[in-house]
Amino acid sequence: MNARLDVFALPSAGKVIKQFMSLGRLVVDSPLPAATRELVSLRVSQINGCAVCIDMHTKEAAAAGETSVRINLVAAWREATVYTEAERAALELAEQGTRIADGAGGVPDDVWERAAKHYDEDQLVALVTLIAFMNTANRLNVILQQPAGDYQPGQFK
């Protein structure tokens with residue numbers, strides 16, 4: 001499978017992608033725990049069916065020391081016992097923020113309150129930005145049919 005466009009080779013797209021990637025870098029450099037970032041990125045990508053991001057974030061999580069059990073259970077996190085309450089709150093917020101169209105009224109207050117119980121305001125800004133960033137990245141990759149499987153940890157650092 002080949003991508004519909006090689007955005008890294010097009011000068012016009014390259015400018016946009018560089019700016020977009022710099023936003024992603026801000027989230028990586030935020031006070032949000034690295035494990036939470038990778039779990040949320042993976043879960044959002046699973047929901048959106050973005051193979052290239054699933055490939056990237058499973059490999060990044062493993063390279064950062066995440067266990068295969070925690071990586072493999074992200075899709076069924078509600079039934080899994082391997083996540084902290086804070087991680088569960090972040091995963092719930094990620095799902096609600098990704099599935100906005102599925103429920104009238106946006107993200108419910110109780111979901112937000114659970115996240116706010118575990119994360120300070122700076123971390124919440126990073127978490128919300130990450131959820132929005134991943135949804136955008138997923139949509140770009142799915143629309144452009146970016147192939148998955150060749151990602152190497154640290155490739156975009």
# chains A, B, ... in the order shown; residues from 1 in each chain; ligands from 1

$ residues_around --residues "A:Ala148" --least-positions-apart "4" --cutoff "12 Å" --atoms "only C-alpha atoms" --output "PyMOL selection string"
chain A and resi 1-3+49-59+141-142+144+152

$ write_last_selection --atoms "N, CA, C and O atoms" --output "mmCIF file, in the first residue's frame"
data_model
loop_
_atom_site.group_PDB
_atom_site.id
_atom_site.type_symbol
_atom_site.label_atom_id
_atom_site.label_comp_id
_atom_site.auth_asym_id
_atom_site.auth_seq_id
_atom_site.Cartn_x
_atom_site.Cartn_y
_atom_site.Cartn_z
ATOM 1 N N MET A 1 0.844 -1.176 0.000
ATOM 2 C CA MET A 1 0.000 0.000 0.000
ATOM 3 C C MET A 1 0.886 1.234 0.000
ATOM 4 O O MET A 1 1.850 1.315 0.753
ATOM 5 N N ASN A 2 0.555 2.197 -0.815
ATOM 6 C CA ASN A 2 1.275 3.465 -0.865
ATOM 7 C C ASN A 2 0.346 4.591 -0.425
ATOM 8 O O ASN A 2 -0.851 4.550 -0.684
ATOM 9 N N ALA A 3 0.932 5.596 0.200
ATOM 10 C CA ALA A 3 0.156 6.762 0.609
ATOM 11 C C ALA A 3 -0.323 7.515 -0.619
ATOM 12 O O ALA A 3 0.325 7.503 -1.665
ATOM 13 N N GLY A 49 -9.163 3.866 13.898
ATOM 14 C CA GLY A 49 -8.674 2.919 12.899
ATOM 15 C C GLY A 49 -7.459 3.415 12.140
ATOM 16 O O GLY A 49 -7.303 3.146 10.952
ATOM 17 N N CYS A 50 -6.568 4.124 12.826
ATOM 18 C CA CYS A 50 -5.361 4.661 12.186
ATOM 19 C C CYS A 50 -4.202 3.698 12.402
ATOM 20 O O CYS A 50 -3.522 3.728 13.434
ATOM 21 N N ALA A 51 -3.964 2.859 11.407
ATOM 22 C CA ALA A 51 -2.949 1.809 11.530
ATOM 23 C C ALA A 51 -1.556 2.372 11.760
ATOM 24 O O ALA A 51 -0.793 1.837 12.576
ATOM 25 N N VAL A 52 -1.195 3.440 11.062
ATOM 26 C CA VAL A 52 0.152 3.979 11.203
ATOM 27 C C VAL A 52 0.377 4.525 12.618
ATOM 28 O O VAL A 52 1.456 4.357 13.189
ATOM 29 N N CYS A 53 -0.637 5.132 13.214
ATOM 30 C CA CYS A 53 -0.492 5.641 14.586
ATOM 31 C C CYS A 53 -0.533 4.511 15.611
ATOM 32 O O CYS A 53 0.157 4.571 16.632
ATOM 33 N N ILE A 54 -1.318 3.468 15.344
ATOM 34 C CA ILE A 54 -1.308 2.296 16.225
ATOM 35 C C ILE A 54 0.080 1.672 16.205
ATOM 36 O O ILE A 54 0.644 1.343 17.255
ATOM 37 N N ASP A 55 0.649 1.523 15.018
ATOM 38 C CA ASP A 55 2.002 0.997 14.862
ATOM 39 C C ASP A 55 2.992 1.850 15.656
ATOM 40 O O ASP A 55 3.787 1.339 16.461
ATOM 41 N N MET A 56 2.933 3.157 15.456
ATOM 42 C CA MET A 56 3.860 4.077 16.114
ATOM 43 C C MET A 56 3.742 4.003 17.633
ATOM 44 O O MET A 56 4.749 3.872 18.340
ATOM 45 N N HIS A 57 2.537 4.097 18.145
ATOM 46 C CA HIS A 57 2.379 4.227 19.591
ATOM 47 C C HIS A 57 2.529 2.904 20.338
ATOM 48 O O HIS A 57 2.936 2.915 21.502
ATOM 49 N N THR A 58 2.272 1.780 19.707
ATOM 50 C CA THR A 58 2.595 0.514 20.368
ATOM 51 C C THR A 58 4.104 0.357 20.476
ATOM 52 O O THR A 58 4.621 -0.067 21.514
ATOM 53 N N LYS A 59 4.816 0.725 19.417
ATOM 54 C CA LYS A 59 6.280 0.608 19.430
ATOM 55 C C LYS A 59 6.925 1.622 20.367
ATOM 56 O O LYS A 59 7.887 1.295 21.074
ATOM 57 N N ASN A 141 -3.805 10.715 8.458
ATOM 58 C CA ASN A 141 -3.226 9.444 8.029
ATOM 59 C C ASN A 141 -4.239 8.524 7.367
ATOM 60 O O ASN A 141 -3.919 7.850 6.385
ATOM 61 N N VAL A 142 -5.449 8.485 7.883
ATOM 62 C CA VAL A 142 -6.477 7.629 7.291
ATOM 63 C C VAL A 142 -6.878 8.158 5.914
ATOM 64 O O VAL A 142 -6.968 7.390 4.946
ATOM 65 N N LEU A 144 -5.114 9.970 3.883
ATOM 66 C CA LEU A 144 -3.990 9.813 2.944
ATOM 67 C C LEU A 144 -3.541 8.362 2.787
ATOM 68 O O LEU A 144 -2.649 8.072 2.005
ATOM 69 N N GLN A 152 9.877 3.023 13.270
ATOM 70 C CA GLN A 152 10.949 2.713 14.226
ATOM 71 C C GLN A 152 10.856 3.685 15.398
ATOM 72 O O GLN A 152 10.713 4.893 15.184
#

$ closest_residue --among "A:Asp102, A:Phe20, A:Leu127, A:Val107" --to "A:Leu39" --atoms "only C-alpha atoms"
A:Leu127

$ select_by_dssp --residues "chain A" --states "alpha helix (DSSP H)" --output "PyMOL selection string"
chain A and resi 11-28+34-48+51-63+68-72+85-98+109-118+121-144

$ closest_residue --among "A:Lys157, A:Lys18, A:Lys117, A:Arg43" --to "A:Ile71" --atoms "only C-alpha atoms"
A:Arg43

$ atom_distance --atom1 "atom CA of A:Glu95" --atom2 "atom CA of A:Arg37"
13.6 Å

$ residues_around --residues "A:Val28" --least-positions-apart "4" --cutoff "10 Å" --atoms "only C-alpha atoms" --output "ChimeraX atom specification"
/A:22-24,32-34,37-38,126,130

$ write_last_selection --atoms "N, CA and C atoms" --output "PDB file, in the first residue's frame"
ATOM      1  N   SER A  22       5.398  20.271  15.502  1.00  0.00           N
ATOM      2  CA  SER A  22       5.879  21.064  16.631  1.00  0.00           C
ATOM      3  C   SER A  22       4.829  21.111  17.746  1.00  0.00           C
ATOM      4  N   LEU A  23       3.558  21.084  17.378  1.00  0.00           N
ATOM      5  CA  LEU A  23       2.504  21.001  18.388  1.00  0.00           C
ATOM      6  C   LEU A  23       2.613  19.672  19.137  1.00  0.00           C
ATOM      7  N   GLY A  24       2.809  18.603  18.393  1.00  0.00           N
ATOM      8  CA  GLY A  24       2.994  17.295  19.016  1.00  0.00           C
ATOM      9  C   GLY A  24       4.178  17.285  19.964  1.00  0.00           C
ATOM     10  N   LEU A  32       2.445  15.932  31.354  1.00  0.00           N
ATOM     11  CA  LEU A  32       1.624  14.721  31.313  1.00  0.00           C
ATOM     12  C   LEU A  32       2.541  13.501  31.317  1.00  0.00           C
ATOM     13  N   PRO A  33       2.297  12.518  32.187  1.00  0.00           N
ATOM     14  CA  PRO A  33       3.178  11.344  32.240  1.00  0.00           C
ATOM     15  C   PRO A  33       3.294  10.643  30.882  1.00  0.00           C
ATOM     16  N   ALA A  34       4.496  10.191  30.565  1.00  0.00           N
ATOM     17  CA  ALA A  34       4.759   9.552  29.275  1.00  0.00           C
ATOM     18  C   ALA A  34       3.880   8.333  29.049  1.00  0.00           C
ATOM     19  N   ARG A  37       0.500   9.471  28.007  1.00  0.00           N
ATOM     20  CA  ARG A  37       0.526   9.968  26.621  1.00  0.00           C
ATOM     21  C   ARG A  37       0.438   8.818  25.622  1.00  0.00           C
ATOM     22  N   GLU A  38       1.235   7.791  25.818  1.00  0.00           N
ATOM     23  CA  GLU A  38       1.246   6.684  24.862  1.00  0.00           C
ATOM     24  C   GLU A  38      -0.047   5.880  24.908  1.00  0.00           C
ATOM     25  N   ALA A 126      -2.510  19.652  28.461  1.00  0.00           N
ATOM     26  CA  ALA A 126      -1.732  18.728  27.641  1.00  0.00           C
ATOM     27  C   ALA A 126      -2.575  17.532  27.204  1.00  0.00           C
ATOM     28  N   LEU A 130      -3.481  16.695  23.467  1.00  0.00           N
ATOM     29  CA  LEU A 130      -3.081  15.399  22.921  1.00  0.00           C
ATOM     30  C   LEU A 130      -4.254  14.701  22.248  1.00  0.00           C
TER      31      LEU A 130
END

$ atom_distance --atom1 "atom CA of A:Thr84" --atom2 "atom CA of A:Glu66"
13.5 Å

$ closest_residue --among "A:Ala35, A:Val7, A:Ala75, A:Ile47" --to "A:Glu60" --atoms "only C-alpha atoms"
A:Ala35

$ closest_residue --among "A:Tyr83, A:Asn135, A:Gln96, A:Asp120" --to "A:Pro108" --atoms "only C-alpha atoms"
A:Gln96

$ residues_around --residues "A:Arg4" --least-positions-apart "4" --cutoff "9 Å" --atoms "only C-alpha atoms" --output "list in words"
Ile143, Leu144, Gln145 and Gln146 of chain A

$ atom_distance --atom1 "atom CA of A:Glu87" --atom2 "atom CA of A:Thr36"
6.0 Å
